[in-house]
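Raw work-v4.txt, compact mmCIF, C-alpha atoms:
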# COMPACT_ATOMS: atom_id res chain seq x y z
CA MET A 86 63.55 -39.38 38.20
CA SER A 87 64.16 -38.53 34.57
CA LEU A 88 61.16 -37.00 32.85
CA THR A 89 60.47 -36.57 29.19
CA LEU A 90 58.03 -34.11 27.72
CA ARG A 91 56.13 -34.33 24.46
CA THR A 92 52.91 -33.24 22.78
CA ILE A 93 50.00 -35.53 23.68
CA SER A 94 46.53 -36.03 22.22
CA ARG A 95 43.50 -34.33 23.73
CA GLU A 96 42.19 -37.78 24.68
CA GLN A 97 45.36 -38.54 26.68
CA HIS A 98 45.21 -35.12 28.28
CA LEU A 99 41.55 -35.49 29.27
CA ALA A 100 42.12 -38.99 30.66
CA PHE A 101 44.94 -37.60 32.82
CA ILE A 102 42.76 -34.72 34.12
CA GLN A 103 40.00 -37.23 34.93
CA SER A 104 42.48 -39.29 36.96
CA GLN A 105 43.22 -36.28 39.22
CA PRO A 106 41.15 -35.32 42.30
CA ALA A 107 40.83 -31.81 40.79
CA ALA A 108 42.35 -29.44 38.24
CA SER A 109 41.55 -25.95 37.03
CA HIS A 110 38.89 -25.53 34.36
CA CYS A 111 41.55 -23.48 32.49
CA GLN A 112 43.59 -26.69 32.11
CA VAL A 113 41.01 -29.01 30.51
CA PRO A 114 41.63 -29.63 26.79
CA ALA A 115 38.30 -28.03 25.77
CA TRP A 116 39.39 -24.69 27.29
CA ALA A 117 41.50 -24.26 24.14
CA ASP A 118 38.25 -24.20 22.12
CA VAL A 119 36.85 -21.47 24.38
CA LYS A 120 39.95 -19.32 23.75
CA THR A 121 39.82 -19.38 19.94
CA GLU A 122 42.13 -16.37 19.52
CA TRP A 123 45.03 -18.45 20.88
CA ARG A 124 46.76 -21.42 19.26
CA SER A 125 46.99 -24.36 21.66
CA GLU A 126 49.00 -27.47 22.48
CA ASN A 127 48.58 -30.32 24.97
CA LEU A 128 51.80 -31.23 26.77
CA GLY A 129 52.50 -34.45 28.65
CA TRP A 130 55.26 -35.40 31.10
CA PHE A 131 56.29 -39.07 31.13
CA ASP A 132 58.36 -40.90 33.73
CA LYS A 133 61.01 -43.56 33.01
CA SER A 134 58.40 -46.32 32.72
CA GLY A 135 56.51 -44.32 30.09
CA GLU A 136 53.61 -43.41 32.36
CA LEU A 137 51.92 -40.02 31.90
CA VAL A 138 52.55 -38.19 35.20
CA GLY A 139 51.74 -34.57 34.32
CA ALA A 140 49.88 -32.52 31.71
CA GLY A 141 49.50 -28.93 30.64
CA LEU A 142 47.37 -26.90 28.26
CA VAL A 143 49.50 -24.23 26.57
CA LEU A 144 47.90 -21.29 24.80
CA TYR A 145 50.07 -19.42 22.27
CA ARG A 146 49.39 -15.75 21.47
CA GLN A 147 51.26 -14.30 18.50
CA LEU A 148 53.00 -10.94 18.84
CA PRO A 149 51.75 -8.36 16.32
CA LYS A 150 53.83 -8.40 13.12
CA ILE A 151 56.31 -11.15 14.13
CA LYS A 152 56.16 -14.94 14.26
CA ARG A 153 56.95 -15.18 17.97
CA TYR A 154 54.57 -16.19 20.72
CA LEU A 155 53.69 -15.66 24.32
CA ALA A 156 53.12 -19.18 25.75
CA TYR A 157 50.57 -19.22 28.57
CA LEU A 158 49.55 -22.06 30.91
CA PRO A 159 46.59 -20.63 32.86
CA GLU A 160 46.38 -22.12 36.39
CA GLY A 161 48.76 -24.84 35.26
CA PRO A 162 50.47 -27.04 34.35
CA VAL A 163 49.09 -30.00 36.33
CA ILE A 164 52.32 -31.47 37.67
CA ASN A 165 53.82 -32.39 41.05
CA TRP A 166 54.66 -28.85 42.19
CA TYR A 167 56.16 -30.06 45.46
CA ALA A 168 58.68 -32.35 43.77
CA PRO A 169 62.22 -31.62 45.01
CA ASN A 170 63.37 -31.82 41.37
CA LEU A 171 61.01 -29.11 40.09
CA ASP A 172 63.57 -27.98 37.50
CA GLU A 173 63.41 -31.47 35.92
CA TRP A 174 59.72 -30.77 35.26
CA LEU A 175 60.08 -27.20 34.05
CA GLN A 176 63.35 -27.19 32.05
CA PRO A 177 62.07 -29.60 29.34
CA MET A 178 58.91 -27.46 29.12
CA LEU A 179 60.92 -24.25 28.57
CA ALA A 180 63.11 -25.96 25.96
CA HIS A 181 60.04 -27.26 24.12
CA LEU A 182 58.22 -23.89 24.19
CA LYS A 183 61.33 -22.10 22.92
CA GLN A 184 61.42 -24.55 20.00
CA GLN A 185 57.79 -23.68 19.30
CA GLY A 186 58.73 -20.01 18.86
CA ALA A 187 57.82 -18.72 22.32
CA PHE A 188 59.69 -15.59 23.46
CA SER A 189 58.13 -15.64 26.92
CA VAL A 190 56.31 -18.17 29.10
CA LYS A 191 53.63 -17.35 31.66
CA MET A 192 52.17 -19.92 34.05
CA GLY A 193 50.03 -20.02 37.17
CA PRO A 194 51.05 -22.80 39.56
CA PRO A 195 47.89 -24.13 41.29
CA VAL A 196 49.74 -23.87 44.61
CA VAL A 197 48.03 -22.34 47.67
CA ILE A 198 50.25 -20.24 49.92
CA ARG A 199 47.84 -18.88 52.61
CA ARG A 200 44.26 -19.18 53.81
CA TRP A 201 42.19 -16.86 56.00
CA ASP A 202 38.96 -18.09 57.56
CA ALA A 203 35.86 -15.88 57.75
CA ALA A 204 36.51 -14.89 61.39
CA ALA A 205 40.03 -13.66 60.57
CA ILE A 206 38.75 -11.63 57.60
CA LYS A 207 35.97 -10.09 59.69
CA SER A 208 38.40 -9.02 62.40
CA GLY A 209 40.57 -7.48 59.66
CA ILE A 210 37.63 -5.53 58.24
CA GLN A 211 36.81 -4.19 61.72
CA ASP A 212 40.40 -3.03 62.38
CA PRO A 213 40.90 0.51 60.98
CA ASP A 214 44.67 -0.09 60.63
CA VAL A 215 44.15 -3.08 58.35
CA LYS A 216 43.89 -2.26 54.66
CA ARG A 217 44.84 -5.55 52.99
CA LEU A 218 44.45 -9.28 53.57
CA LYS A 219 48.24 -9.52 53.97
CA ASP A 220 47.97 -7.33 57.11
CA VAL A 221 45.83 -10.04 58.74
CA GLN A 222 47.46 -13.09 60.25
CA ALA A 223 46.65 -16.08 58.02
CA THR A 224 44.71 -18.97 59.57
CA HIS A 225 46.79 -21.45 57.60
CA VAL A 226 50.18 -21.03 55.92
CA GLU A 227 51.62 -23.63 53.55
CA PRO A 228 55.43 -23.69 54.03
CA ARG A 229 55.94 -25.90 50.96
CA ALA A 230 54.47 -23.14 48.78
CA PHE A 231 57.27 -20.78 49.83
CA GLU A 232 59.76 -23.46 48.79
CA VAL A 233 58.07 -23.65 45.38
CA ALA A 234 58.37 -19.85 45.00
CA ASP A 235 62.05 -19.96 46.02
CA ARG A 236 62.82 -22.73 43.53
CA LEU A 237 61.10 -20.80 40.72
CA ARG A 238 63.12 -17.66 41.51
CA LYS A 239 66.38 -19.64 41.52
CA MET A 240 65.47 -21.04 38.09
CA GLY A 241 65.00 -17.53 36.69
CA TRP A 242 61.20 -17.25 36.83
CA GLN A 243 60.03 -13.72 37.65
CA GLN A 244 57.16 -11.92 39.35
CA GLY A 245 56.43 -8.21 39.42
CA GLU A 246 57.03 -6.15 42.55
CA ASP A 247 53.41 -6.44 43.67
CA GLY A 248 53.54 -10.21 43.24
CA GLY A 249 51.58 -9.80 40.03
CA ALA A 250 53.64 -11.32 37.26
CA GLY A 251 55.30 -8.99 34.75
CA PHE A 252 52.29 -7.43 33.11
CA GLY A 253 49.88 -8.36 35.91
CA ASP A 254 48.17 -11.61 36.78
CA VAL A 255 45.56 -12.68 34.25
CA GLN A 256 43.91 -15.19 36.59
CA PRO A 257 42.99 -14.08 40.12
CA ARG A 258 45.67 -14.55 42.78
CA TYR A 259 43.11 -14.30 45.60
CA VAL A 260 39.93 -16.37 45.50
CA PHE A 261 37.17 -17.20 47.94
CA GLN A 262 36.29 -20.85 48.60
CA VAL A 263 33.78 -22.75 50.71
CA PRO A 264 35.35 -26.08 51.77
CA LEU A 265 32.87 -28.98 51.55
CA ALA A 266 35.01 -32.04 52.36
CA ASN A 267 34.12 -33.79 55.63
CA ARG A 268 31.30 -31.33 56.38
CA SER A 269 27.55 -31.85 56.45
CA LEU A 270 25.30 -29.43 54.58
CA ASP A 271 24.04 -28.36 58.00
CA ASP A 272 27.59 -27.42 58.99
CA VAL A 273 27.95 -25.43 55.79
CA LEU A 274 24.70 -23.52 56.40
CA LYS A 275 25.69 -22.87 60.03
CA GLY A 276 28.91 -21.35 58.71
CA PHE A 277 26.94 -18.68 56.82
CA ASN A 278 26.57 -15.37 58.65
CA GLN A 279 23.19 -14.24 59.98
CA LEU A 280 22.53 -11.92 57.05
CA TRP A 281 23.06 -14.73 54.51
CA ARG A 282 20.85 -17.15 56.42
CA ARG A 283 18.19 -14.47 56.78
CA ASN A 284 18.35 -13.67 53.06
CA ILE A 285 18.06 -17.35 52.09
CA LYS A 286 14.95 -17.63 54.30
CA LYS A 287 13.57 -14.38 52.90
CA ALA A 288 13.91 -15.65 49.31
CA GLU A 289 12.27 -18.94 50.26
CA LYS A 290 9.34 -17.15 51.92
CA ALA A 291 8.90 -14.85 48.93
CA GLY A 292 8.67 -17.89 46.64
CA VAL A 293 11.93 -17.40 44.74
CA GLU A 294 12.66 -20.55 42.74
CA VAL A 295 16.05 -21.54 41.39
CA VAL A 296 16.11 -23.53 38.17
CA GLN A 297 18.74 -24.92 35.83
CA GLY A 298 18.82 -23.67 32.26
CA GLY A 299 20.20 -25.08 29.02
CA TYR A 300 21.83 -23.83 25.83
CA GLU A 301 18.53 -22.35 24.67
CA ASP A 302 18.44 -20.10 27.77
CA LEU A 303 21.79 -18.42 27.11
CA ALA A 304 20.09 -15.45 25.40
CA GLU A 305 18.17 -14.82 28.64
CA TRP A 306 21.44 -15.17 30.56
CA GLN A 307 22.98 -12.57 28.21
CA ARG A 308 20.13 -10.12 28.90
CA LEU A 309 20.83 -10.19 32.65
CA TYR A 310 24.60 -10.18 32.12
CA GLU A 311 24.43 -7.04 29.94
CA ILE A 312 22.30 -5.26 32.56
CA THR A 313 25.02 -6.14 35.08
CA ALA A 314 27.76 -4.86 32.74
CA VAL A 315 26.10 -1.45 32.44
CA ARG A 316 25.59 -1.23 36.22
CA ASP A 317 29.09 -2.38 37.15
CA LYS A 318 30.81 -0.59 34.24
CA PHE A 319 32.61 -3.49 32.55
CA ARG A 320 32.69 -4.62 28.93
CA PRO A 321 30.51 -7.73 28.56
CA ARG A 322 31.54 -10.76 26.54
CA PRO A 323 29.27 -11.47 23.55
CA LEU A 324 26.55 -14.13 23.61
CA SER A 325 28.60 -16.18 21.12
CA TYR A 326 31.35 -16.58 23.76
CA PHE A 327 28.97 -18.26 26.22
CA GLN A 328 27.38 -20.36 23.47
CA ARG A 329 30.80 -21.60 22.42
CA MET A 330 31.82 -22.18 26.04
CA TRP A 331 28.66 -24.23 26.67
CA THR A 332 29.06 -26.31 23.51
CA VAL A 333 32.76 -27.16 23.76
CA LEU A 334 32.90 -27.74 27.53
CA ASN A 335 29.78 -29.92 27.64
CA ASN A 336 30.91 -31.87 24.57
CA GLU A 337 34.01 -32.78 26.55
CA ASP A 338 32.03 -33.66 29.69
CA PRO A 339 28.22 -33.34 29.83
CA ASN A 340 28.45 -31.94 33.37
CA ARG A 341 31.29 -29.44 32.80
CA MET A 342 29.15 -26.29 32.60
CA ARG A 343 25.79 -25.48 34.14
CA LEU A 344 23.49 -22.47 34.04
CA TYR A 345 21.21 -21.33 36.89
CA PHE A 346 18.41 -18.78 37.18
CA ALA A 347 16.70 -17.41 40.28
CA ARG A 348 13.18 -16.30 39.41
CA HIS A 349 10.28 -14.68 41.17
CA ASN A 350 6.70 -14.67 39.82
CA GLY A 351 8.05 -16.11 36.56
CA VAL A 352 10.62 -13.33 36.05
CA ASN A 353 14.34 -14.17 36.02
CA LEU A 354 16.14 -11.87 38.46
CA SER A 355 19.62 -13.34 38.62
CA ALA A 356 21.69 -15.95 36.81
CA ALA A 357 25.03 -17.70 37.10
CA THR A 358 27.26 -20.15 35.28
CA MET A 359 28.93 -23.03 37.09
CA LEU A 360 31.97 -25.06 36.03
CA VAL A 361 32.85 -28.54 37.30
CA VAL A 362 36.19 -30.40 37.11
CA GLY A 363 36.48 -33.41 39.41
CA GLY A 364 35.89 -32.34 43.01
CA HIS A 365 36.30 -28.64 42.26
CA VAL A 366 33.20 -26.58 41.44
CA TRP A 367 33.35 -22.90 40.42
CA TYR A 368 30.77 -20.16 40.42
CA SER A 369 32.09 -18.68 37.21
CA TYR A 370 30.02 -15.74 35.91
CA GLY A 371 27.16 -13.99 37.72
CA ALA A 372 24.46 -11.60 36.53
CA SER A 373 21.45 -9.87 38.05
CA ASP A 374 18.68 -7.44 37.15
CA ASN A 375 18.26 -4.06 38.81
CA ILE A 376 14.80 -5.10 40.01
CA GLY A 377 13.65 -7.65 42.58
CA ARG A 378 16.67 -7.35 44.85
CA GLU A 379 14.48 -7.22 47.93
CA VAL A 380 13.58 -10.93 47.49
CA ARG A 381 17.31 -11.86 47.62
CA PRO A 382 17.56 -13.96 44.43
CA SER A 383 21.39 -14.09 44.45
CA ASN A 384 21.57 -15.61 47.94
CA ALA A 385 18.97 -18.23 46.99
CA MET A 386 20.84 -19.09 43.81
CA GLN A 387 24.23 -19.44 45.54
CA TRP A 388 22.72 -21.70 48.20
CA ARG A 389 21.17 -23.93 45.52
CA MET A 390 24.44 -24.08 43.55
CA LEU A 391 26.37 -24.92 46.70
CA ARG A 392 23.91 -27.72 47.56
CA ASP A 393 24.19 -29.11 44.02
CA ALA A 394 28.00 -29.01 44.25
CA TYR A 395 27.75 -30.87 47.55
CA ALA A 396 25.42 -33.49 46.02
CA MET A 397 27.98 -34.04 43.24
CA GLY A 398 30.57 -34.91 45.88
CA ALA A 399 32.57 -31.69 45.41
CA THR A 400 35.30 -30.99 47.96
CA VAL A 401 35.30 -27.23 47.34
CA TYR A 402 32.84 -24.62 46.08
CA ASP A 403 34.89 -21.81 44.57
CA LEU A 404 33.47 -18.29 44.35
CA ARG A 405 36.48 -17.22 42.26
CA GLY A 406 38.30 -13.91 42.44
CA ILE A 407 38.37 -11.34 45.19
CA SER A 408 40.56 -8.29 45.68
CA ASP A 409 42.93 -8.39 48.66
CA SER A 410 41.59 -5.01 49.83
CA LEU A 411 39.75 -4.86 53.17
CA ASP A 412 39.25 -1.12 52.84
CA GLU A 413 35.53 -0.28 52.87
CA THR A 414 36.10 2.69 50.53
CA ASP A 415 37.61 0.39 47.85
CA HIS A 416 35.17 -0.23 44.97
CA LEU A 417 35.99 -3.97 45.09
CA PHE A 418 35.29 -4.29 48.81
CA GLY A 419 31.65 -5.33 48.24
CA LEU A 420 32.87 -8.49 46.52
CA ILE A 421 34.72 -9.87 49.53
CA GLN A 422 31.95 -8.65 51.85
CA PHE A 423 29.33 -10.65 49.90
CA LYS A 424 31.50 -13.78 49.69
CA VAL A 425 32.74 -13.76 53.31
CA GLY A 426 29.10 -14.17 54.39
CA THR A 427 29.26 -17.77 53.16
CA GLY A 428 31.63 -18.58 56.02
CA GLY A 429 34.29 -19.84 53.62
CA GLU A 430 37.90 -18.75 53.38
CA ALA A 431 40.03 -16.39 51.37
CA VAL A 432 42.75 -18.31 49.54
CA GLU A 433 45.99 -16.89 48.16
CA TYR A 434 47.84 -18.72 45.37
CA VAL A 435 51.54 -18.21 44.61
CA GLY A 436 50.43 -16.10 41.63
CA GLU A 437 51.53 -16.10 38.03
CA TRP A 438 55.16 -16.33 36.94
CA ASP A 439 57.00 -15.26 33.78
CA PHE A 440 60.08 -16.72 32.13
CA PRO A 441 61.58 -14.44 29.46
CA LEU A 442 63.10 -16.69 26.78
CA ASN A 443 63.95 -13.58 24.78
CA LYS A 444 64.54 -10.68 27.18
CA LEU A 445 64.21 -7.97 24.54
CA LEU A 446 60.82 -9.16 23.23
CA HIS A 447 59.61 -9.85 26.78
CA LYS A 448 60.48 -6.25 27.74
CA ALA A 449 58.72 -4.94 24.62
CA LEU A 450 55.58 -6.88 25.57
CA ASP A 451 55.76 -5.53 29.13
CA ILE A 452 55.84 -1.96 27.80
CA TYR A 453 53.03 -2.67 25.32
CA MET A 454 50.82 -4.21 28.06
CA SER A 455 51.45 -1.36 30.51
CA ARG A 456 50.30 1.20 27.93
CA ARG A 457 47.03 -0.57 27.14
Let me see the structure of the file written as structure tokens.
Amino acid sequence: MSLTLRTISREQHLAFIQSQPAASHCQVPAWADVKTEWRSENLGWFDKSGELVGAGLVLYRQLPKIKRYLAYLPEGPVINWYAPNLDEWLQPMLAHLKQQGAFSVKMGPPVVIRRWDAAAIKSGIQDPDVKRLKDVQATHVEPRAFEVADRLRKMGWQQGEDGGAGFGDVQPRYVFQVPLANRSLDDVLKGFNQLWRRNIKKAEKAGVEVVQGGYEDLAEWQRLYEITAVRDKFRPRPLSYFQRMWTVLNNEDPNRMRLYFARHNGVNLSAATMLVVGGHVWYSYGASDNIGREVRPSNAMQWRMLRDAYAMGATVYDLRGISDSLDETDHLFGLIQFKVGTGGEAVEYVGEWDFPLNKLLHKALDIYMSRR
């Protein structure tokens, strides 16, 4: 199979994404408009008959002071990763990116390597000798993913020692997902642990209502998000970021981004953004007030979002990143503890990979990133 690669229009790119059962929200053409500090390009792979068989959104970040770029394909490209001729897909891409002035390429193959169901994770948490997900036997292992990793290594792609690529993965390597395909909503609810089911009931009894918001409600979202940032000690994105995200994503597809609020007695207590691409639905950003926690607004909101995802025909509800730590003293442990209550599964991707096109500049970037 001889493949050719060339720049394609956003319309071609979007049509290809829409023809797929799912793709990452970081690979839709409009994501380039969210990430305004990067230059972007839409790449297409064509087979011998001229049919578009793969696509990728590339973001270019210029190095300070020189006209050379880091080329980044977040959670992409969308190609046949299990093809035996993987180098025929990736070599033309590297050649093209080098021509565009890239000194280094970073990509995140959307390839799952292992899954752990809720029961396996719980047993790991209860075992004092277990500190990381990797110490727990996976419920499902994908042998083809190891072949992908081997092929990439043979081609000269690199990952850091910890599996994080070069200067660390930008997108999460471990995520938490609730599978929805071939399950009834009843099954999904039964999969929740007792605490989650109790909290959903508690919220219902207390009269918590979950509503969808629009663009005009983003300022209220920002209020809750900034409260969360202070509490959890992270730097919040500005309101303009979410306004831009809403505008560009929903211009591309009116159902790409949604906003939810859980409120009690007319007061918004928690909020979340949701992203939709094909059969894949993500809980993207979450926020909550310091008050009203006793009525369990976050559980009510997640249950509503999950039901809406199910009604849309989604095959997976993705709660996004988790740490791989099962150590209760780890500050990120609460994240996996909250998500595992949904009865879903922890999912490990093959992680992000770097290809240094110019070894000297790649090394310089590595040093610069490690000092930040």
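Rounded to one decimal, CA of Gln105 (chain A) and CA of Arg341 (chain A) lie 15.2 Å from each other.
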What are the nearest atom pairs, with distances in Å to one decimal, for all residues of region 192-302 of chain A that come at most 10 Å from region 152-176 of chain A, using only C-alpha atoms, set out by chain and rising residue number as a Markdown table?
| residue | atom | partner | partner_atom | distance |
| --- | --- | --- | --- | --- |
| A:Met192 | CA | A:Leu158 | CA | 4.6 |
| A:Gly193 | CA | A:Glu160 | CA | 4.3 |
| A:Pro194 | CA | A:Gly161 | CA | 5.3 |
| A:Pro195 | CA | A:Glu160 | CA | 5.5 |
| A:Val196 | CA | A:Trp166 | CA | 7.4 |
| A:Arg229 | CA | A:Tyr167 | CA | 6.9 |
| A:Ala230 | CA | A:Tyr167 | CA | 7.9 |
| A:Glu232 | CA | A:Tyr167 | CA | 8.2 |
| A:Val233 | CA | A:Tyr167 | CA | 6.7 |
| A:Arg236 | CA | A:Leu171 | CA | 7.5 |
| A:Leu237 | CA | A:Asp172 | CA | 8.2 |
| A:Lys239 | CA | A:Asp172 | CA | 9.7 |
| A:Met240 | CA | A:Asp172 | CA | 7.2 |
| A:Asp254 | CA | A:Pro159 | CA | 10.0 |
| A:Val255 | CA | A:Pro159 | CA | 8.1 |
| A:Gln256 | CA | A:Pro159 | CA | 7.1 |
| A:Pro257 | CA | A:Glu160 | CA | 9.5 |
| A:Arg258 | CA | A:Glu160 | CA | 9.9 |
request  = Enter the distance from CA of Leu309 (chain A) to CA of Gln422 (chain A), in Å, rounded to one decimal.
outcome  = 22.2 Å
message = I'd like the neighbourhood of Val352 (chain A) as a ChimeraX atom specification, where a residue qualifies if any of its atoms comes within 12 Å (using all atoms listed in the file), though same-chain residues fewer than 2 positions away should be ignored.
response = /A:292-296,305,309,346-350,354-356,373-374,376-377,382
query = Within 10 Å of Met359 (chain A), counting all atoms listed in the file, which residues qualify if same-chain residues fewer than 6 places away don't, as a PyMOL selection string?
reply = chain A and resi 340-345+366-371+390+394+402-404
Generate the output file for the selected residues, C-alpha atoms, as a PDB file, in the coordinates of the input.
ATOM      1  CA  ASN A 340      28.450 -31.940  33.370  1.00  0.00           C
ATOM      2  CA  ARG A 341      31.290 -29.440  32.800  1.00  0.00           C
ATOM      3  CA  MET A 342      29.150 -26.290  32.600  1.00  0.00           C
ATOM      4  CA  ARG A 343      25.790 -25.480  34.140  1.00  0.00           C
ATOM      5  CA  LEU A 344      23.490 -22.470  34.040  1.00  0.00           C
ATOM      6  CA  TYR A 345      21.210 -21.330  36.890  1.00  0.00           C
ATOM      7  CA  VAL A 366      33.200 -26.580  41.440  1.00  0.00           C
ATOM      8  CA  TRP A 367      33.350 -22.900  40.420  1.00  0.00           C
ATOM      9  CA  TYR A 368      30.770 -20.160  40.420  1.00  0.00           C
ATOM     10  CA  SER A 369      32.090 -18.680  37.210  1.00  0.00           C
ATOM     11  CA  TYR A 370      30.020 -15.740  35.910  1.00  0.00           C
ATOM     12  CA  GLY A 371      27.160 -13.990  37.720  1.00  0.00           C
ATOM     13  CA  MET A 390      24.440 -24.080  43.550  1.00  0.00           C
ATOM     14  CA  ALA A 394      28.000 -29.010  44.250  1.00  0.00           C
ATOM     15  CA  TYR A 402      32.840 -24.620  46.080  1.00  0.00           C
ATOM     16  CA  ASP A 403      34.890 -21.810  44.570  1.00  0.00           C
ATOM     17  CA  LEU A 404      33.470 -18.290  44.350  1.00  0.00           C
TER      18      LEU A 404
END
message = To one decimal place in Å, what is the distance between CA of Ala396 (chain A) and CA of Leu270 (chain A)?
response =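 Interatomic distance, CA of Ala396 (chain A) to CA of Leu270 (chain A): 9.5 Å.
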Can I get region 416-423 of chain A with all heavy atoms filled in, as a PDB file, in the frame of the given file?
ATOM      1  N   HIS A 416      36.348   0.171  45.765  1.00  0.00           N
ATOM      2  CA  HIS A 416      35.170  -0.230  44.970  1.00  0.00           C
ATOM      3  C   HIS A 416      35.016  -1.751  44.869  1.00  0.00           C
ATOM      4  O   HIS A 416      33.948  -2.248  44.529  1.00  0.00           O
ATOM      5  CB  HIS A 416      35.206   0.405  43.575  1.00  0.00           C
ATOM      6  CG  HIS A 416      36.236  -0.174  42.656  1.00  0.00           C
ATOM      7  ND1 HIS A 416      37.589  -0.017  42.865  1.00  0.00           N
ATOM      8  CD2 HIS A 416      36.121  -0.928  41.535  1.00  0.00           C
ATOM      9  CE1 HIS A 416      38.255  -0.638  41.915  1.00  0.00           C
ATOM     10  NE2 HIS A 416      37.394  -1.215  41.092  1.00  0.00           N
ATOM     11  N   LEU A 417      36.085  -2.501  45.162  1.00  0.00           N
ATOM     12  CA  LEU A 417      35.990  -3.970  45.090  1.00  0.00           C
ATOM     13  C   LEU A 417      35.664  -4.597  46.440  1.00  0.00           C
ATOM     14  O   LEU A 417      35.554  -5.813  46.551  1.00  0.00           O
ATOM     15  CB  LEU A 417      37.302  -4.548  44.544  1.00  0.00           C
ATOM     16  CG  LEU A 417      37.604  -4.251  43.079  1.00  0.00           C
ATOM     17  CD1 LEU A 417      39.030  -4.649  42.725  1.00  0.00           C
ATOM     18  CD2 LEU A 417      36.612  -4.962  42.153  1.00  0.00           C
ATOM     19  N   PHE A 418      35.510  -3.761  47.460  1.00  0.00           N
ATOM     20  CA  PHE A 418      35.290  -4.290  48.810  1.00  0.00           C
ATOM     21  C   PHE A 418      33.990  -5.094  48.914  1.00  0.00           C
ATOM     22  O   PHE A 418      33.921  -6.106  49.600  1.00  0.00           O
ATOM     23  CB  PHE A 418      35.292  -3.143  49.830  1.00  0.00           C
ATOM     24  CG  PHE A 418      34.945  -3.585  51.227  1.00  0.00           C
ATOM     25  CD1 PHE A 418      35.872  -4.309  51.982  1.00  0.00           C
ATOM     26  CD2 PHE A 418      33.705  -3.308  51.794  1.00  0.00           C
ATOM     27  CE1 PHE A 418      35.564  -4.739  53.265  1.00  0.00           C
ATOM     28  CE2 PHE A 418      33.390  -3.735  53.072  1.00  0.00           C
ATOM     29  CZ  PHE A 418      34.320  -4.444  53.811  1.00  0.00           C
ATOM     30  N   GLY A 419      32.963  -4.656  48.189  1.00  0.00           N
ATOM     31  CA  GLY A 419      31.650  -5.330  48.240  1.00  0.00           C
ATOM     32  C   GLY A 419      31.734  -6.808  47.868  1.00  0.00           C
ATOM     33  O   GLY A 419      30.971  -7.640  48.369  1.00  0.00           O
ATOM     34  N   LEU A 420      32.694  -7.117  46.992  1.00  0.00           N
ATOM     35  CA  LEU A 420      32.870  -8.490  46.520  1.00  0.00           C
ATOM     36  C   LEU A 420      33.267  -9.425  47.656  1.00  0.00           C
ATOM     37  O   LEU A 420      32.666 -10.480  47.856  1.00  0.00           O
ATOM     38  CB  LEU A 420      33.960  -8.478  45.434  1.00  0.00           C
ATOM     39  CG  LEU A 420      33.923  -9.528  44.345  1.00  0.00           C
ATOM     40  CD1 LEU A 420      32.582  -9.537  43.630  1.00  0.00           C
ATOM     41  CD2 LEU A 420      35.049  -9.265  43.340  1.00  0.00           C
ATOM     42  N   ILE A 421      34.273  -9.022  48.421  1.00  0.00           N
ATOM     43  CA  ILE A 421      34.720  -9.870  49.530  1.00  0.00           C
ATOM     44  C   ILE A 421      33.668  -9.873  50.641  1.00  0.00           C
ATOM     45  O   ILE A 421      33.437 -10.887  51.286  1.00  0.00           O
ATOM     46  CB  ILE A 421      36.122  -9.459  50.070  1.00  0.00           C
ATOM     47  CG1 ILE A 421      36.671 -10.564  51.003  1.00  0.00           C
ATOM     48  CG2 ILE A 421      36.109  -8.121  50.779  1.00  0.00           C
ATOM     49  CD1 ILE A 421      38.159 -10.433  51.307  1.00  0.00           C
ATOM     50  N   GLN A 422      32.982  -8.738  50.802  1.00  0.00           N
ATOM     51  CA  GLN A 422      31.950  -8.650  51.850  1.00  0.00           C
ATOM     52  C   GLN A 422      30.811  -9.641  51.564  1.00  0.00           C
ATOM     53  O   GLN A 422      30.342 -10.334  52.460  1.00  0.00           O
ATOM     54  CB  GLN A 422      31.407  -7.216  51.895  1.00  0.00           C
ATOM     55  CG  GLN A 422      30.713  -6.881  53.196  1.00  0.00           C
ATOM     56  CD  GLN A 422      30.271  -5.426  53.226  1.00  0.00           C
ATOM     57  OE1 GLN A 422      29.993  -4.823  52.183  1.00  0.00           O
ATOM     58  NE2 GLN A 422      30.221  -4.856  54.407  1.00  0.00           N
ATOM     59  N   PHE A 423      30.398  -9.725  50.298  1.00  0.00           N
ATOM     60  CA  PHE A 423      29.330 -10.650  49.900  1.00  0.00           C
ATOM     61  C   PHE A 423      29.781 -12.100  50.104  1.00  0.00           C
ATOM     62  O   PHE A 423      29.077 -12.922  50.667  1.00  0.00           O
ATOM     63  CB  PHE A 423      28.959 -10.408  48.430  1.00  0.00           C
ATOM     64  CG  PHE A 423      27.940 -11.369  47.869  1.00  0.00           C
ATOM     65  CD1 PHE A 423      26.601 -11.269  48.224  1.00  0.00           C
ATOM     66  CD2 PHE A 423      28.302 -12.367  46.970  1.00  0.00           C
ATOM     67  CE1 PHE A 423      25.640 -12.149  47.701  1.00  0.00           C
ATOM     68  CE2 PHE A 423      27.363 -13.254  46.445  1.00  0.00           C
ATOM     69  CZ  PHE A 423      26.027 -13.141  46.813  1.00  0.00           C
TER      70      PHE A 423
END
